[in-house]
Structures are given as structure tokens and as C-alpha cells.
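*Asks:* File work14.txt follows (compact mmCIF, C-alpha atoms and all ligand atoms):
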# COMPACT_ATOMS: atom_id res chain seq x y z
CA MET A 20 -50.10 -44.83 -62.64
CA ALA A 21 -47.34 -45.61 -65.11
CA HIS A 22 -46.11 -49.11 -65.73
CA LEU A 23 -42.62 -49.46 -64.26
CA ILE A 24 -40.37 -51.20 -66.77
CA ASP A 25 -38.43 -53.51 -64.50
CA GLY A 26 -34.93 -53.91 -65.94
CA LYS A 27 -33.80 -55.85 -62.93
CA SER A 28 -36.27 -58.69 -63.41
CA ILE A 29 -36.12 -58.64 -67.23
CA SER A 30 -32.31 -58.84 -67.10
CA ALA A 31 -32.52 -61.64 -64.53
CA LEU A 32 -34.81 -63.57 -66.87
CA ILE A 33 -32.40 -63.10 -69.80
CA LYS A 34 -29.46 -64.21 -67.68
CA ASP A 35 -31.38 -67.33 -66.64
CA GLU A 36 -32.19 -68.11 -70.28
CA LEU A 37 -28.51 -67.67 -71.14
CA LYS A 38 -27.43 -69.89 -68.24
CA VAL A 39 -29.54 -72.75 -69.62
CA GLU A 40 -28.10 -72.19 -73.10
CA VAL A 41 -24.53 -72.04 -71.76
CA ASP A 42 -25.05 -75.37 -69.94
CA GLY A 43 -26.17 -76.90 -73.24
CA LEU A 44 -23.21 -75.47 -75.13
CA HIS A 45 -20.84 -76.66 -72.42
CA ALA A 46 -22.19 -80.19 -72.86
CA GLN A 47 -21.12 -79.90 -76.54
CA GLY A 48 -17.65 -78.80 -75.42
CA LYS A 49 -18.25 -75.15 -76.30
CA ASP A 50 -17.32 -72.61 -73.63
CA ALA A 51 -17.25 -68.85 -73.91
CA CYS A 52 -14.49 -66.82 -72.29
CA LEU A 53 -14.55 -63.03 -71.91
CA ALA A 54 -11.36 -61.02 -71.35
CA VAL A 55 -12.06 -57.77 -69.48
CA ILE A 56 -9.45 -55.02 -69.53
CA GLN A 57 -9.54 -52.03 -67.20
CA VAL A 58 -6.89 -49.32 -67.28
CA GLY A 59 -6.63 -47.19 -64.13
CA GLU A 60 -9.02 -47.14 -61.20
CA ASP A 61 -12.03 -45.06 -62.19
CA PRO A 62 -14.45 -46.05 -59.38
CA ALA A 63 -17.52 -46.35 -61.64
CA SER A 64 -15.54 -48.55 -64.07
CA THR A 65 -14.41 -50.75 -61.18
CA VAL A 66 -18.07 -51.35 -60.22
CA TYR A 67 -19.11 -52.06 -63.83
CA VAL A 68 -16.20 -54.45 -64.38
CA ARG A 69 -16.97 -56.29 -61.14
CA ASN A 70 -20.63 -56.66 -62.15
CA LYS A 71 -19.65 -57.95 -65.59
CA LYS A 72 -17.37 -60.59 -64.06
CA ARG A 73 -20.10 -61.61 -61.60
CA ALA A 74 -22.61 -62.00 -64.41
CA CYS A 75 -20.11 -64.23 -66.29
CA GLU A 76 -19.70 -66.38 -63.21
CA TYR A 77 -23.48 -66.69 -62.71
CA ILE A 78 -24.12 -67.73 -66.31
CA GLY A 79 -21.11 -70.02 -66.63
CA ILE A 80 -19.01 -67.88 -68.94
CA LYS A 81 -15.30 -67.96 -68.16
CA SER A 82 -13.64 -64.61 -67.62
CA GLN A 83 -10.12 -63.25 -67.53
CA SER A 84 -9.33 -59.92 -65.90
CA TYR A 85 -6.59 -57.51 -66.83
CA GLU A 86 -6.27 -54.63 -64.38
CA LEU A 87 -3.64 -52.34 -65.80
CA PRO A 88 -2.14 -49.28 -64.09
CA GLU A 89 -3.16 -45.75 -65.10
CA GLU A 90 0.32 -45.18 -66.64
CA THR A 91 -0.12 -48.02 -69.16
CA THR A 92 0.84 -46.73 -72.61
CA GLU A 93 -1.35 -47.03 -75.68
CA ASP A 94 1.26 -49.34 -77.24
CA GLU A 95 1.15 -51.65 -74.23
CA LEU A 96 -2.64 -51.79 -74.28
CA VAL A 97 -2.73 -52.38 -78.04
CA ALA A 98 -0.16 -55.17 -77.62
CA LEU A 99 -2.35 -56.87 -74.99
CA VAL A 100 -5.43 -56.64 -77.23
CA LYS A 101 -3.45 -58.12 -80.14
CA LYS A 102 -2.28 -60.98 -77.93
CA LEU A 103 -5.89 -61.67 -76.85
CA ASN A 104 -7.06 -61.49 -80.49
CA LYS A 105 -4.76 -64.45 -81.22
CA ASP A 106 -5.60 -66.37 -78.05
CA ASP A 107 -7.98 -69.25 -78.93
CA GLU A 108 -9.04 -69.51 -75.27
CA VAL A 109 -10.58 -66.01 -75.46
CA ASN A 110 -13.84 -65.49 -77.39
CA GLY A 111 -14.71 -61.95 -76.35
CA ILE A 112 -12.62 -58.87 -75.54
CA LEU A 113 -13.95 -55.89 -73.60
CA VAL A 114 -11.90 -52.76 -72.92
CA GLN A 115 -13.73 -50.77 -70.26
CA LEU A 116 -14.22 -47.11 -71.17
CA PRO A 117 -13.31 -44.38 -70.46
CA LEU A 118 -9.58 -44.89 -70.98
CA PRO A 119 -7.04 -42.48 -69.46
CA GLU A 120 -6.63 -39.34 -71.54
CA HIS A 121 -3.21 -40.23 -72.93
CA ILE A 122 -4.68 -43.28 -74.71
CA CYS A 123 -6.66 -42.86 -77.93
CA GLU A 124 -9.84 -44.91 -77.50
CA GLU A 125 -10.40 -45.18 -81.22
CA ASN A 126 -6.98 -46.76 -81.81
CA VAL A 127 -7.62 -49.34 -79.11
CA LEU A 128 -11.17 -50.20 -80.21
CA LEU A 129 -9.95 -50.56 -83.81
CA THR A 130 -7.45 -53.17 -82.65
CA ILE A 131 -10.09 -55.50 -81.20
CA SER A 132 -10.80 -58.29 -83.66
CA PRO A 133 -14.40 -57.87 -84.92
CA GLU A 134 -15.03 -61.58 -84.17
CA LYS A 135 -14.35 -60.85 -80.49
CA ASP A 136 -15.97 -57.42 -80.33
CA VAL A 137 -18.68 -58.20 -77.76
CA ASP A 138 -19.15 -54.50 -76.91
CA GLY A 139 -20.05 -53.81 -80.53
CA PHE A 140 -17.81 -50.71 -80.78
CA HIS A 141 -15.54 -51.68 -83.72
CA PRO A 142 -16.39 -49.79 -86.93
CA GLU A 143 -16.94 -53.11 -88.74
CA THR A 144 -19.47 -54.17 -86.10
CA VAL A 145 -21.13 -50.74 -86.22
CA GLY A 146 -21.31 -50.96 -90.02
CA LYS A 147 -22.98 -54.37 -89.86
CA MET A 148 -25.56 -53.06 -87.40
CA CYS A 149 -26.12 -50.07 -89.66
CA ILE A 150 -26.95 -52.15 -92.73
CA GLY A 151 -28.72 -54.86 -90.74
CA THR A 152 -26.24 -57.73 -91.26
CA LYS A 153 -26.08 -60.29 -88.46
CA GLY A 154 -23.51 -59.32 -85.84
CA TYR A 155 -23.00 -58.15 -82.29
CA LEU A 156 -25.30 -55.34 -81.19
CA PRO A 157 -24.08 -52.63 -78.80
CA CYS A 158 -25.22 -53.61 -75.32
CA THR A 159 -27.08 -50.57 -73.97
CA PRO A 160 -29.22 -49.86 -77.06
CA ALA A 161 -29.88 -53.59 -77.54
CA GLY A 162 -30.94 -53.72 -73.88
CA VAL A 163 -33.42 -50.89 -74.46
CA ILE A 164 -34.98 -52.77 -77.40
CA GLN A 165 -35.32 -55.87 -75.21
CA LEU A 166 -36.93 -53.82 -72.42
CA LEU A 167 -39.53 -52.49 -74.86
CA LYS A 168 -40.21 -55.84 -76.53
CA ARG A 169 -40.43 -57.82 -73.32
CA SER A 170 -42.77 -55.19 -71.85
CA GLY A 171 -45.11 -55.65 -74.80
CA ILE A 172 -44.41 -52.17 -76.20
CA ASN A 173 -44.68 -52.11 -79.97
CA ILE A 174 -42.09 -49.96 -81.79
CA GLU A 175 -43.36 -50.26 -85.36
CA GLY A 176 -44.76 -47.01 -86.71
CA LYS A 177 -44.18 -45.17 -83.43
CA GLU A 178 -42.65 -41.71 -83.16
CA CYS A 179 -39.35 -42.42 -81.42
CA VAL A 180 -37.16 -39.57 -80.18
CA VAL A 181 -33.65 -40.26 -78.94
CA ILE A 182 -31.94 -37.44 -77.04
CA GLY A 183 -28.18 -37.93 -77.34
CA ARG A 184 -25.90 -38.78 -80.27
CA SER A 185 -22.97 -40.61 -78.68
CA ASN A 186 -21.39 -43.54 -80.50
CA ILE A 187 -22.17 -45.83 -77.56
CA VAL A 188 -25.84 -44.95 -77.00
CA GLY A 189 -27.58 -42.27 -79.08
CA LYS A 190 -26.53 -43.16 -82.63
CA PRO A 191 -26.87 -46.95 -82.33
CA MET A 192 -30.11 -46.52 -80.35
CA ALA A 193 -31.62 -44.59 -83.23
CA LEU A 194 -30.52 -47.25 -85.73
CA LEU A 195 -31.98 -50.11 -83.69
CA LEU A 196 -35.31 -48.30 -83.29
CA LEU A 197 -35.29 -47.72 -87.05
CA ARG A 198 -34.64 -51.42 -87.57
CA GLU A 199 -37.80 -52.09 -85.57
CA ASN A 200 -39.67 -49.80 -87.96
CA GLY A 201 -39.94 -46.84 -85.61
CA THR A 202 -40.00 -43.31 -87.05
CA VAL A 203 -36.87 -41.93 -85.47
CA THR A 204 -35.64 -38.44 -84.61
CA ILE A 205 -32.26 -37.79 -82.98
CA ALA A 206 -32.11 -34.69 -80.79
CA HIS A 207 -28.95 -33.37 -79.13
CA SER A 208 -27.37 -30.44 -77.32
CA ARG A 209 -27.66 -28.13 -80.36
CA THR A 210 -31.27 -29.04 -81.11
CA LYS A 211 -33.58 -26.01 -81.23
CA ASP A 212 -36.95 -26.26 -79.52
CA LEU A 213 -36.06 -29.54 -77.86
CA LYS A 214 -39.37 -29.67 -75.98
CA GLU A 215 -41.35 -29.35 -79.16
CA ILE A 216 -39.55 -32.38 -80.60
CA THR A 217 -39.58 -34.55 -77.48
CA ARG A 218 -43.30 -33.87 -76.96
CA ARG A 219 -43.97 -35.64 -80.27
CA ALA A 220 -42.48 -38.87 -79.00
CA ASP A 221 -44.50 -42.01 -78.35
CA ILE A 222 -41.21 -43.53 -77.19
CA LEU A 223 -38.65 -41.14 -75.71
CA VAL A 224 -35.14 -42.46 -75.05
CA VAL A 225 -33.13 -40.06 -72.93
CA ALA A 226 -29.32 -40.11 -72.93
CA VAL A 227 -28.48 -36.45 -72.29
CA GLY A 228 -26.08 -36.99 -69.41
CA LYS A 229 -27.68 -34.35 -67.15
CA PRO A 230 -29.38 -35.35 -63.89
CA LYS A 231 -33.19 -34.97 -63.80
CA TYR A 232 -33.07 -32.80 -66.93
CA ILE A 233 -36.25 -34.13 -68.52
CA THR A 234 -39.34 -32.90 -66.72
CA LYS A 235 -43.02 -33.42 -67.54
CA ASP A 236 -43.11 -30.48 -69.96
CA TYR A 237 -40.77 -32.40 -72.33
CA VAL A 238 -43.02 -35.43 -72.45
CA LYS A 239 -46.30 -36.20 -74.21
CA GLU A 240 -49.00 -37.57 -71.95
CA GLY A 241 -49.05 -41.37 -72.14
CA ALA A 242 -45.58 -41.67 -73.73
CA VAL A 243 -43.08 -44.43 -72.92
CA VAL A 244 -39.91 -43.01 -71.35
CA ILE A 245 -36.58 -44.86 -71.28
CA ASP A 246 -33.93 -43.25 -69.09
CA VAL A 247 -30.33 -44.19 -69.95
CA GLY A 248 -28.70 -41.73 -67.52
CA ILE A 249 -27.20 -42.54 -64.15
CA HIS A 250 -26.04 -39.89 -61.69
CA ARG A 251 -25.94 -39.08 -57.98
CA ASP A 252 -28.35 -36.33 -56.97
CA GLU A 253 -27.84 -33.63 -54.30
CA ASN A 254 -28.67 -36.22 -51.59
CA ASN A 255 -26.19 -38.73 -53.05
CA LYS A 256 -29.09 -40.87 -54.29
CA LEU A 257 -28.92 -42.49 -57.74
CA CYS A 258 -31.04 -40.74 -60.34
CA GLY A 259 -31.38 -40.63 -64.12
CA ASP A 260 -31.58 -37.98 -66.83
CA VAL A 261 -35.34 -37.91 -66.24
CA ASP A 262 -36.99 -36.23 -63.27
CA PHE A 263 -38.80 -39.44 -62.37
CA ALA A 264 -41.09 -37.99 -59.68
CA ASP A 265 -42.23 -35.20 -61.99
CA VAL A 266 -42.84 -37.46 -65.00
CA VAL A 267 -44.14 -40.72 -63.55
CA ASP A 268 -47.85 -39.84 -63.32
CA HIS A 269 -47.85 -38.35 -66.81
CA VAL A 270 -46.54 -41.35 -68.83
CA SER A 271 -47.79 -44.85 -69.65
CA ALA A 272 -44.48 -46.59 -68.89
CA ILE A 273 -41.05 -45.58 -67.59
CA THR A 274 -37.76 -47.15 -66.55
CA PRO A 275 -36.61 -46.44 -63.00
CA VAL A 276 -33.01 -45.52 -62.13
CA PRO A 277 -31.50 -47.69 -60.76
CA GLY A 278 -33.09 -50.92 -61.98
CA GLY A 279 -34.04 -49.91 -65.52
CA VAL A 280 -31.58 -49.79 -68.40
CA GLY A 281 -28.44 -50.39 -66.29
CA PRO A 282 -28.87 -54.13 -65.62
CA MET A 283 -29.86 -54.68 -69.26
CA THR A 284 -26.46 -53.53 -70.56
CA ILE A 285 -24.77 -56.40 -68.74
CA ALA A 286 -27.42 -58.94 -69.78
CA MET A 287 -26.88 -57.99 -73.43
CA LEU A 288 -23.10 -58.18 -73.03
CA MET A 289 -23.61 -61.71 -71.72
CA ASN A 290 -25.79 -62.46 -74.74
CA ASN A 291 -22.97 -61.29 -77.03
CA CYS A 292 -20.50 -63.49 -75.14
CA VAL A 293 -22.77 -66.50 -75.67
CA GLU A 294 -23.11 -65.48 -79.32
CA THR A 295 -19.34 -66.02 -79.72
CA VAL A 296 -19.87 -69.78 -79.25
CA ARG A 297 -23.32 -70.22 -80.83
CA ASN A 298 -23.35 -72.16 -84.17
N1 LIG A 301 -18.25 -47.57 -70.28
C1 LIG A 301 -19.54 -47.21 -70.13
N2 LIG A 301 -20.35 -48.08 -70.77
C2 LIG A 301 -19.55 -49.01 -71.33
C3 LIG A 301 -19.79 -50.17 -72.11
O1 LIG A 301 -20.92 -50.53 -72.45
N3 LIG A 301 -18.69 -50.86 -72.48
C4 LIG A 301 -17.44 -50.48 -72.15
N4 LIG A 301 -16.42 -51.21 -72.59
N5 LIG A 301 -17.18 -49.41 -71.43
C5 LIG A 301 -18.23 -48.69 -71.01
Rewrite the structure from the file as C-alpha cells, please.

*Replies:*
Amino acid sequence: MAHLIDGKSISALIKDELKVEVDGLHAQGKDACLAVIQVGEDPASTVYVRNKKRACEYIGIKSQSYELPEETTEDELVALVKKLNKDDEVNGILVQLPLPEHICEENVLLTISPEKDVDGFHPETVGKMCIGTKGYLPCTPAGVIQLLKRSGINIEGKECVVIGRSNIVGKPMALLLLRENGTVTIAHSRTKDLKEITRRADILVVAVGKPKYITKDYVKEGAVVIDVGIHRDENNKLCGDVDFADVVDHVSAITPVPGGVGPMTIAMLMNNCVETVRN
């Protein structure tokens, strides 16, 4: 039977560690404050934003919420980000994605001051991660690294295959695994013989965005499988990119959906918020 990598309890532990640290920083007069901006009412975004604010409250990080209407223009959003960049009360700025189609995400993310870029999406932050300079790490890939480390799974020298090449997950995931001395392959929608490549993996990170796409025949026996996907299946139940029931008896460890990677993203965001007031 595979080991279930329990993101819920690992994230709870991290949040408790951060809470203790935040209490200590507060005693020194240092308080973190996260500004969260949501444009429009995408239901998934509303849930994520609510969970982020709750996590702030639990840990003792202040938060400010900006819920802007769908019709907000790019100029208006950029102006708000610029105002928050200058606001000394605000240490971290998060613009929830996706943005409505009429707003260019890149323009908005470029406006966020790198010092306040707790999502880790600004090109300067990405560049620092790429060359290994200290800086904010993107939350989901950093959460995956924590899941592996805190489950006692060694990355060094392992064959790591990441399926997906998005700027938010796939690309930074590959870089962070490389930083841990994994031997990394990035596969994607145009990859030929995907199964042949994924079956090499000791550690397989799946971010394909297709429900239950990865079945046992994509996975080497005894591999570690990390599932970044989240979807609703035909019975309206949450599921990942991995066909969990098919794969579970074939692997050594796997993340469930829900309760795997998802809660880690928020825990790592909280870590970045605390990072804004460390030192
Ligand atoms: N949308 C989906 N994931 C994320 C995330 O990690 N940060 C932000 N800002 N938006 C998202």
C-alpha cells in the first residue's frame, strides 16, 4: 500500500510553525500585512481568496481585501497595485489569477514591486529563483518540495519528470527539483511517447490539467507521484490529474486530491508573507 502524502497535516504543521514565528516577530513590533486583490467573481478564485485570508487570520498576518468588479480596467488595477507598492502598511501583494480577459496579466504582474511579490510571479523573482539567489519561491512548486522533504523523500540524484510547463507550476517546479539535485525532464502536451518518459520517473509531478489522465501505465512501479491537478469528476467529486484508484497500489507514495498539494500552496504563501518581515 502506498504512503499517502498528507498535505493537510503537513500544511497545518507549517502554519503552526509560522504562527509561533509571527508571535515572536509581533513582539519585536514587526507585523506582516498581505493585500489580496480579486477582479470579478470566478467561483474557484473566491474560494482560494477566502482560504488565503483565513490562513492569514489563523497565523496572525494582517490582510486587506480588494474585491473589484469584472469591468475594472487594466489601468485601474495597475493604479491600485502601484498605490499598494508605496503603502508602508502593506508587505505583500497578491493578485488572484486568472484575471478577466480584457486585462493583460503580464502587465499587472510586472507592476507588483518585487519586494512585495509573495506569489513569486514577477520576472525579477523568477530570475532569482532560476539562478538560486535568495528570494520568494512560487507557492505551489515550493509546497511540493516541502511535501517531499517532510515525507522523507530524497530528491538528490532521482529521475524527476514534471508534466506541464506553465509559468506558475511546471517551469518553476522543474527548477526547484533541479536545485535539489534531481535529474529533471519536463514533458508537455507536444511530448512524443509521454508514457515512455513518465515511466522513467522516480518522482513524477503531474500538472497536465486533465482529470484522471495519468493511469498506472504512465507510472513506474514504486515511484512517488505528486498530483497538482484539481477538478470535479463525473460525480461532482474532487479529483486530480492522476487516476488515484488506478495508481495507488502501484506506487510507493502519492498525494491525494483533495488534501495533497492544494493546502501546501497556501502554507507556502503564508511563509512568503512572513518572509517579508523576517530580518
Ligand atoms: N490562481 C491559481 N493559483 C494561483 C496562485 O498561486 N496565485 C494567484 N495569485 N492566483 C492563482

*Asks:* Given only C-alpha atoms as the basis, pick out the residue of A:Cys149, A:Val238, A:Val267, A:Ala51 nearest to Cys75 of chain A.

*Replies:*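 Nearest candidate to Cys75 of chain A out of A:Cys149, A:Val238, A:Val267, A:Ala51: A:Ala51.
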
*Asks:* Write out as a ChimeraX atom specification each polymer residue (protein, DNA or RNA) that has an atom no more than 8 Å from ligand LIG 301 (chain A), with only C-alpha atoms and all ligand atoms counted.

*Replies:* /A:64,67,113-117,138,157-159,187,284-285,288

*Asks:* When you look at Ile122 of chain A with a cut-off of 12 Å (counting all atoms listed in the file), what residues show up, excluding the ones that are within fewer than 5 positions of it in the same chain? I need them as number ranges by chain.

*Replies:* A: 58-59, 89-97, 116-117, 127-128

*Asks:* Given the point (-19.2, -73.5, -74.5) in the coordinates of this file, which residues lie within 10 Å, counting only C-alpha atoms, and how would they look as a list in words?

*Replies:*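 Within the cut-off we find Glu40, Val41, Asp42, Gly43, Leu44, His45, Ala46, Gln47, Gly48, Lys49, Asp50, Ala51, Cys52, Gly79, Ile80, Lys81, Val293, Thr295, Val296 and Arg297 of chain A.
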
*Asks:* Using all atoms listed in the file, give me every residue within 10 Å of (-32.1, -63.8, -71.0) in file coordinates, as a list in words.

*Replies:*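 Final list of nearby residues, as requested, is Ile29, Ser30, Ala31, Leu32, Ile33, Lys34, Asp35, Glu36, Leu37, Lys38, Val39, Glu40, Gln165, Met283, Ala286, Met287, Met289 and Asn290 of chain A.
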
*Asks:* Just the number, please: distance in Å from atom CA of Ala193 of chain A to atom CA of Ala226 of chain A, one decimal.

*Replies:* 11.5 Å

*Asks:* Using all atoms listed in the file, can you tell me which of A:Thr217, A:Thr274, A:Asn291, A:Asn110 comes closest to Lys235 of chain A?

*Replies:* A:Thr217

*Asks:* Using all atoms listed in the file, which residues sit within 10 Å of segment 254-256 of chain A once same-chain residues fewer than 4 positions away are excluded, as JSON, numbers by chain?

*Replies:* {"A": [250, 276, 277]}

*Asks:* Any idea what the distance is between atom CA of Ala206 of chain A and atom CA of Ile182 of chain A?

*Replies:*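 It comes out at 4.7 Å.
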
*Asks:* One decimal, in Å: what's the spacing between atom CA of His141 of chain A and atom CA of Leu129 of chain A?

*Replies:*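 Computed distance, atom CA of His141 of chain A to atom CA of Leu129 of chain A, equals 5.7 Å.
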
*Asks:* Pick from A:Asp221, A:Glu178, A:Asp136, A:Glu108: nearest to Asn200 of chain A, with only C-alpha atoms counted?

*Replies:*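 Among A:Asp221, A:Glu178, A:Asp136, A:Glu108, it is A:Glu178 that comes nearest to Asn200 of chain A.
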
*Asks:* So, counting all atoms listed in the file, which residue among A:Gly26, A:Gly248, A:Pro275, A:Gly201 is closest to Gly183 of chain A?

*Replies:*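 Checking each of A:Gly26, A:Gly248, A:Pro275, A:Gly201 against Gly183 of chain A, counting all atoms listed in the file, the winner is A:Gly248.
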
*Asks:* Identify, on the basis of only C-alpha atoms, every residue whose closest approach to Glu60 of chain A does not exceed 10 Å; exclude the query and any residue fewer than 4 positions from it along the same chain; express the result as a ChimeraX atom specification.

*Replies:* /A:64-65,86-89,119

*Asks:* Would you kindly return, as a PyMOL selection string, each protein, DNA or RNA residue with an atom no farther than 7 Å from any atom of Gln83 of chain A, considering only C-alpha atoms and excluding same-chain residues fewer than 4 positions away?

*Replies:* chain A and resi 53-55

*Asks:* Write the selection just made, keeping C-alpha atoms, as a tab-separated table (two decimals), keeping the file's coordinate frame?

*Replies:*
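The resulting file, again.tsv, is shown below:
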chain	number	residue	atom	x	y	z
A	53	LEU	CA	-14.55	-63.03	-71.91
A	54	ALA	CA	-11.36	-61.02	-71.35
A	55	VAL	CA	-12.06	-57.77	-69.48

*Asks:* Counting only C-alpha atoms, figure out which residue out of A:Ile131, A:Ala63, A:Val247, A:Ile216 gets nearest to Leu103 of chain A.

*Replies:* A:Ile131

*Asks:* Could you list, as a ChimeraX atom specification, every residue within 12 Å of Thr144 of chain A, counting only C-alpha atoms and ignoring same-chain residues fewer than 2 positions away?

*Replies:* /A:128-129,131-142,146-157,191

*Asks:* Working from the structure I just supplied, which lacks atoms in segment 188-199 of chain A, can you model N, CA and C atoms there and output them as a compact mmCIF listing (two decimals), keeping the file's coordinate frame?

*Replies:*
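Result written to part_31.txt:
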# COMPACT_ATOMS: atom_id res chain seq x y z
N VAL A 188 -24.39 -44.86 -77.27
CA VAL A 188 -25.84 -44.95 -77.00
C VAL A 188 -26.69 -44.30 -78.09
N GLY A 189 -26.61 -42.99 -78.25
CA GLY A 189 -27.58 -42.27 -79.08
C GLY A 189 -27.66 -42.77 -80.51
N LYS A 190 -26.51 -42.77 -81.21
CA LYS A 190 -26.53 -43.16 -82.63
C LYS A 190 -27.00 -44.60 -82.82
N PRO A 191 -26.38 -45.58 -82.12
CA PRO A 191 -26.87 -46.95 -82.33
C PRO A 191 -28.31 -47.14 -81.86
N MET A 192 -28.72 -46.41 -80.83
CA MET A 192 -30.11 -46.52 -80.35
C MET A 192 -31.08 -46.14 -81.47
N ALA A 193 -30.76 -45.04 -82.14
CA ALA A 193 -31.62 -44.59 -83.23
C ALA A 193 -31.69 -45.64 -84.33
N LEU A 194 -30.55 -46.24 -84.66
CA LEU A 194 -30.52 -47.25 -85.73
C LEU A 194 -31.33 -48.49 -85.36
N LEU A 195 -31.23 -48.90 -84.10
CA LEU A 195 -31.98 -50.11 -83.69
C LEU A 195 -33.48 -49.84 -83.65
N LEU A 196 -33.88 -48.64 -83.26
CA LEU A 196 -35.31 -48.30 -83.29
C LEU A 196 -35.80 -48.27 -84.74
N LEU A 197 -34.96 -47.76 -85.62
CA LEU A 197 -35.29 -47.72 -87.05
C LEU A 197 -35.47 -49.14 -87.59
N ARG A 198 -34.56 -50.02 -87.18
CA ARG A 198 -34.64 -51.42 -87.57
C ARG A 198 -35.93 -52.08 -87.15
N GLU A 199 -36.50 -51.58 -86.06
CA GLU A 199 -37.80 -52.09 -85.57
C GLU A 199 -38.96 -51.32 -86.19
